[in-house]
Amino acid sequence: MEKQETWKKCGIVKKILKDHFHGFWELHANHFPKELQTAIPEAVKKATRCGTKDMGFARYECMGCTEGTPEPVLICFTCKSRFCHGCGKKYTDDWAEKQQERILNVPHRHTVFTVPKELRKYFFEDRGRLNELSKEVAKVIQYYYRRKNKSKQYEVGVITVIHTFGRDLKFNPHIHALVTEGALDCHRQWKSVEYISFTYLRKSWQKLLMNLMLKWFPSDEKVQALVNQLYQRYKHGFYVNAEQRMKDARGAAKYIGRYLARPAIAEYRIIKYDYHKVHYWYEDHQTGKRVDVVA
C-alpha cells in the first residue's frame, strides 16, 4: 500500500498552490466577484509564505558561549490566516476553548441548513448575501419556541458558521448551526426540548430563504418565477440535517469548532499529487460512500 504523506511532512496544499495558483488566477480571476479579486490572491500569498523568512522571523543565539561558534536559530513567523491549513487549525482550537465558557452546559444539536443548487449563483455573485443567512437560521429556531408559548418569551441559544464549499470542493453555501435543545423563558427557567420537527425546519427555512430572494429582487420577474418553481419542486422544503447531538458544552464547542475555520479539504484526503494531477477522495453525503476524484 502506498504511504500517504501528511501536511507536516510536505505541506501538499501549499505546494499545489505554489505550482498552480498563478496560472489558475490569470485564467479565471474574472469569474470571481470584484470584491474578492484582491482578497483571494492575498490569502493564498499568506498561506504559501507561512512559516518562511518572507513572513519575518525571530533570531536566537547564545551570546555567552565560550566554546565554538554555535549557529543562530531562526524561528519563522506564521501567517495567522484562517485560509492556511496550519494557522486555521490553531484559530479553530482557540475559538472552541473560548466558547466553552460562554455556552450553556446543556445538550446541543448540530443542524445544517442547505441552499438548493438553483440559488447558489446568487450568493456566489454577492457574498454579502451570505451574512443574512445566519440571521434567518436563528429566526427559524426562535419562531419554533415563540410559537409554543408567546407569553414565556423563550430565548434559544444558536451559534452559526457559514461554509461556502461542499465535500466535493464545489461552491455550495450552507449554514452549520449549534442549537440548544431547549430555551430560557422570561423567568430565566430552562425548558428542555429534545426534538424539533424536520418538516417544520425544512419548510420554515424554505419560506425565509424565498422571502429573502423576493426582498433582494423585488422587480425581477425571473426571480419571482424561480421562487414559485422552487416551492413546487421542493414541496417538503429545503434540506435540513439535524441528526448530530452533543450532550454537554465542551463537546458542543469542540464539534462546531471543526466547522469554523477548517480548510476546504483536509490534507489526509489527498492521496497523490504529481504536479499534473491531484488524486483526492470525499465521502458522499447521500450514499455515505467514498468517492475518489483525479483532476
# chains A, B, ... in the order shown; residues from 1 in each chain; ligands from 1
call {"tool": "residues_around", "arguments": {"residues": "Ala29 (chain A)", "least_positions_apart": "6", "cutoff": "12 Å", "atoms": "only C-alpha atoms", "output": "list in words"}}
result
Phe21, His22, Gly23, Glu35, Leu36, Gln37, Thr38, Ala39, Ile40 and Pro41 of chain A
call {"tool": "residues_around", "arguments": {"residues": "Ser81 (chain A)", "least_positions_apart": "6", "cutoff": "10 Å", "atoms": "only C-alpha atoms", "output": "list in words"}}
result
Ala43, Val44, Lys46, Ala47, Cys50, Cys87, Gly88, Lys89, Lys90, Tyr91 and Ala261 of chain A
call {"tool": "closest_atom_pairs", "arguments": {"of": "region 133-214 of chain A", "to": "region 229-248 of chain A", "cutoff": "10 Å", "atoms": "only C-alpha atoms", "output": "JSON lines"}}
result
{"residue": "A:His174", "atom": "CA", "partner": "A:Val240", "partner_atom": "CA", "distance": 9.9}
{"residue": "A:Ile175", "atom": "CA", "partner": "A:Val240", "partner_atom": "CA", "distance": 9.7}
{"residue": "A:His176", "atom": "CA", "partner": "A:Asn241", "partner_atom": "CA", "distance": 9.5}
{"residue": "A:Ala177", "atom": "CA", "partner": "A:Ala242", "partner_atom": "CA", "distance": 9.2}
{"residue": "A:Leu178", "atom": "CA", "partner": "A:Met246", "partner_atom": "CA", "distance": 9.4}
{"residue": "A:Val179", "atom": "CA", "partner": "A:Ala242", "partner_atom": "CA", "distance": 9.6}
{"residue": "A:Thr180", "atom": "CA", "partner": "A:Met246", "partner_atom": "CA", "distance": 9.5}
{"residue": "A:Glu181", "atom": "CA", "partner": "A:Arg245", "partner_atom": "CA", "distance": 9.1}
{"residue": "A:Glu194", "atom": "CA", "partner": "A:Arg245", "partner_atom": "CA", "distance": 9.6}
{"residue": "A:Tyr195", "atom": "CA", "partner": "A:Ala242", "partner_atom": "CA", "distance": 9.3}
{"residue": "A:Ile196", "atom": "CA", "partner": "A:Ala242", "partner_atom": "CA", "distance": 8.9}
{"residue": "A:Ser197", "atom": "CA", "partner": "A:Ala242", "partner_atom": "CA", "distance": 9.8}
{"residue": "A:Phe198", "atom": "CA", "partner": "A:Val240", "partner_atom": "CA", "distance": 7.3}
{"residue": "A:Thr199", "atom": "CA", "partner": "A:His236", "partner_atom": "CA", "distance": 6.9}
{"residue": "A:Tyr200", "atom": "CA", "partner": "A:Gly237", "partner_atom": "CA", "distance": 8.7}
{"residue": "A:Leu201", "atom": "CA", "partner": "A:Val240", "partner_atom": "CA", "distance": 6.8}
{"residue": "A:Arg202", "atom": "CA", "partner": "A:Gly237", "partner_atom": "CA", "distance": 4.5}
{"residue": "A:Lys203", "atom": "CA", "partner": "A:Gly237", "partner_atom": "CA", "distance": 4.2}
{"residue": "A:Ser204", "atom": "CA", "partner": "A:Gly237", "partner_atom": "CA", "distance": 7.6}
{"residue": "A:Trp205", "atom": "CA", "partner": "A:Phe238", "partner_atom": "CA", "distance": 6.7}
{"residue": "A:Gln206", "atom": "CA", "partner": "A:Phe238", "partner_atom": "CA", "distance": 5.3}
{"residue": "A:Lys207", "atom": "CA", "partner": "A:Gly237", "partner_atom": "CA", "distance": 8.1}
{"residue": "A:Leu209", "atom": "CA", "partner": "A:Phe238", "partner_atom": "CA", "distance": 9.2}
{"residue": "A:Met210", "atom": "CA", "partner": "A:Leu230", "partner_atom": "CA", "distance": 8.6}
call {"tool": "select_by_dssp", "arguments": {"residues": "region 216-264 of chain A", "states": "helix (DSSP H, G or I)", "output": "PyMOL selection string"}}
result
chain A and resi 216+221-233+249-260
call {"tool": "atom_distance", "arguments": {"atom1": "CA of His276 (chain A)", "atom2": "CA of Ala295 (chain A)"}}
result
8.5 Å
call {"tool": "residues_around", "arguments": {"residues": "Tyr273 (chain A)", "least_positions_apart": "4", "cutoff": "10 Å", "atoms": "only C-alpha atoms", "output": "number ranges by chain"}}
result
A: 12-13, 15-16, 277-280, 294-295
call {"tool": "closest_residue", "arguments": {"among": "A:Leu119, A:Val158, A:Met213, A:Ile103", "to": "Lys139 (chain A)", "atoms": "only C-alpha atoms"}}
result
A:Val158
call {"tool": "decode", "arguments": {"residues": "region 41-57 of chain A", "atoms": "all heavy atoms", "output": "compact mmCIF listing (two decimals), in the first residue's frame"}}
result
# COMPACT_ATOMS: atom_id res chain seq x y z
N PRO A 41 -6.04 36.42 -3.86
CA PRO A 41 -4.59 36.32 -4.02
C PRO A 41 -3.82 36.63 -2.74
O PRO A 41 -2.79 36.01 -2.46
CB PRO A 41 -4.28 37.35 -5.11
CG PRO A 41 -5.54 37.53 -5.85
CD PRO A 41 -6.62 37.36 -4.83
N GLU A 42 -4.32 37.57 -1.94
CA GLU A 42 -3.65 37.91 -0.69
C GLU A 42 -3.68 36.73 0.29
O GLU A 42 -2.68 36.44 0.96
CB GLU A 42 -4.30 39.13 -0.05
CG GLU A 42 -3.98 40.44 -0.77
CD GLU A 42 -4.63 41.64 -0.11
OE1 GLU A 42 -5.46 41.43 0.81
OE2 GLU A 42 -4.32 42.78 -0.51
N ALA A 43 -4.83 36.05 0.38
CA ALA A 43 -4.95 34.90 1.27
C ALA A 43 -4.03 33.77 0.83
O ALA A 43 -3.38 33.12 1.66
CB ALA A 43 -6.40 34.41 1.31
N VAL A 44 -3.96 33.53 -0.47
CA VAL A 44 -3.09 32.48 -0.99
C VAL A 44 -1.63 32.84 -0.75
O VAL A 44 -0.82 31.97 -0.36
CB VAL A 44 -3.35 32.25 -2.50
CG1 VAL A 44 -2.31 31.30 -3.09
CG2 VAL A 44 -4.75 31.69 -2.71
N LYS A 45 -1.27 34.09 -0.96
CA LYS A 45 0.10 34.53 -0.75
C LYS A 45 0.52 34.32 0.70
O LYS A 45 1.64 33.85 0.99
CB LYS A 45 0.25 36.00 -1.14
CG LYS A 45 1.67 36.53 -1.06
CD LYS A 45 1.73 37.98 -1.52
CE LYS A 45 3.16 38.52 -1.48
NZ LYS A 45 3.22 39.94 -1.91
N LYS A 46 -0.35 34.67 1.64
CA LYS A 46 -0.05 34.47 3.05
C LYS A 46 0.18 32.99 3.36
O LYS A 46 1.14 32.63 4.05
CB LYS A 46 -1.20 34.99 3.91
CG LYS A 46 -1.23 36.48 4.12
CD LYS A 46 -2.35 36.83 5.08
CE LYS A 46 -2.39 38.32 5.37
NZ LYS A 46 -3.48 38.65 6.33
N ALA A 47 -0.73 32.14 2.85
CA ALA A 47 -0.64 30.71 3.15
C ALA A 47 0.63 30.08 2.59
O ALA A 47 1.25 29.23 3.23
CB ALA A 47 -1.87 29.99 2.62
N THR A 48 1.02 30.48 1.39
CA THR A 48 2.21 29.90 0.76
C THR A 48 3.50 30.40 1.39
O THR A 48 4.54 29.73 1.31
CB THR A 48 2.24 30.17 -0.75
OG1 THR A 48 2.13 31.59 -0.98
CG2 THR A 48 1.08 29.46 -1.45
N ARG A 49 3.46 31.57 2.04
CA ARG A 49 4.65 32.12 2.68
C ARG A 49 4.70 31.80 4.16
O ARG A 49 5.70 32.10 4.83
CB ARG A 49 4.68 33.64 2.50
CG ARG A 49 4.76 34.09 1.04
CD ARG A 49 4.54 35.58 0.92
NE ARG A 49 5.64 36.35 1.47
CZ ARG A 49 5.57 37.65 1.73
NH1 ARG A 49 4.45 38.31 1.50
NH2 ARG A 49 6.61 38.29 2.23
N CYS A 50 3.65 31.19 4.70
CA CYS A 50 3.57 30.90 6.14
C CYS A 50 4.76 30.05 6.59
O CYS A 50 5.11 29.05 5.96
CB CYS A 50 2.27 30.16 6.44
SG CYS A 50 2.02 29.83 8.21
N GLY A 51 5.38 30.46 7.68
CA GLY A 51 6.49 29.69 8.22
C GLY A 51 7.80 29.86 7.47
O GLY A 51 8.73 29.09 7.69
N THR A 52 7.88 30.86 6.59
CA THR A 52 9.12 31.14 5.86
C THR A 52 9.67 32.49 6.28
O THR A 52 8.99 33.28 6.93
CB THR A 52 8.87 31.14 4.34
OG1 THR A 52 8.08 32.29 4.00
CG2 THR A 52 8.14 29.89 3.89
N LYS A 53 10.89 32.79 5.87
CA LYS A 53 11.52 34.06 6.22
C LYS A 53 10.76 35.25 5.63
O LYS A 53 10.88 36.37 6.11
CB LYS A 53 12.96 34.08 5.74
CG LYS A 53 13.87 33.12 6.49
CD LYS A 53 15.30 33.23 5.96
CE LYS A 53 16.22 32.24 6.67
NZ LYS A 53 17.61 32.32 6.15
N ASP A 54 10.00 35.00 4.56
CA ASP A 54 9.24 36.07 3.93
C ASP A 54 8.24 36.71 4.89
O ASP A 54 7.85 37.88 4.72
CB ASP A 54 8.49 35.56 2.70
CG ASP A 54 9.43 35.22 1.55
OD1 ASP A 54 10.58 35.71 1.57
OD2 ASP A 54 9.03 34.46 0.65
N MET A 55 7.78 35.95 5.88
CA MET A 55 6.82 36.46 6.85
C MET A 55 7.51 37.13 8.04
O MET A 55 6.84 37.62 8.95
CB MET A 55 5.93 35.32 7.36
CG MET A 55 5.03 34.70 6.31
SD MET A 55 3.83 35.86 5.63
CE MET A 55 2.86 36.24 7.07
N GLY A 56 8.83 37.12 8.04
CA GLY A 56 9.58 37.64 9.17
C GLY A 56 10.01 36.50 10.09
O GLY A 56 9.49 35.39 9.99
N PHE A 57 10.92 36.78 10.97
CA PHE A 57 11.42 35.72 11.85
C PHE A 57 12.06 36.31 13.10
O PHE A 57 12.40 37.50 13.15
CB PHE A 57 12.42 34.84 11.12
CG PHE A 57 13.63 35.58 10.58
CD1 PHE A 57 14.76 35.79 11.38
CD2 PHE A 57 13.62 36.09 9.29
CE1 PHE A 57 15.85 36.48 10.89
CE2 PHE A 57 14.71 36.78 8.79
CZ PHE A 57 15.84 36.99 9.59
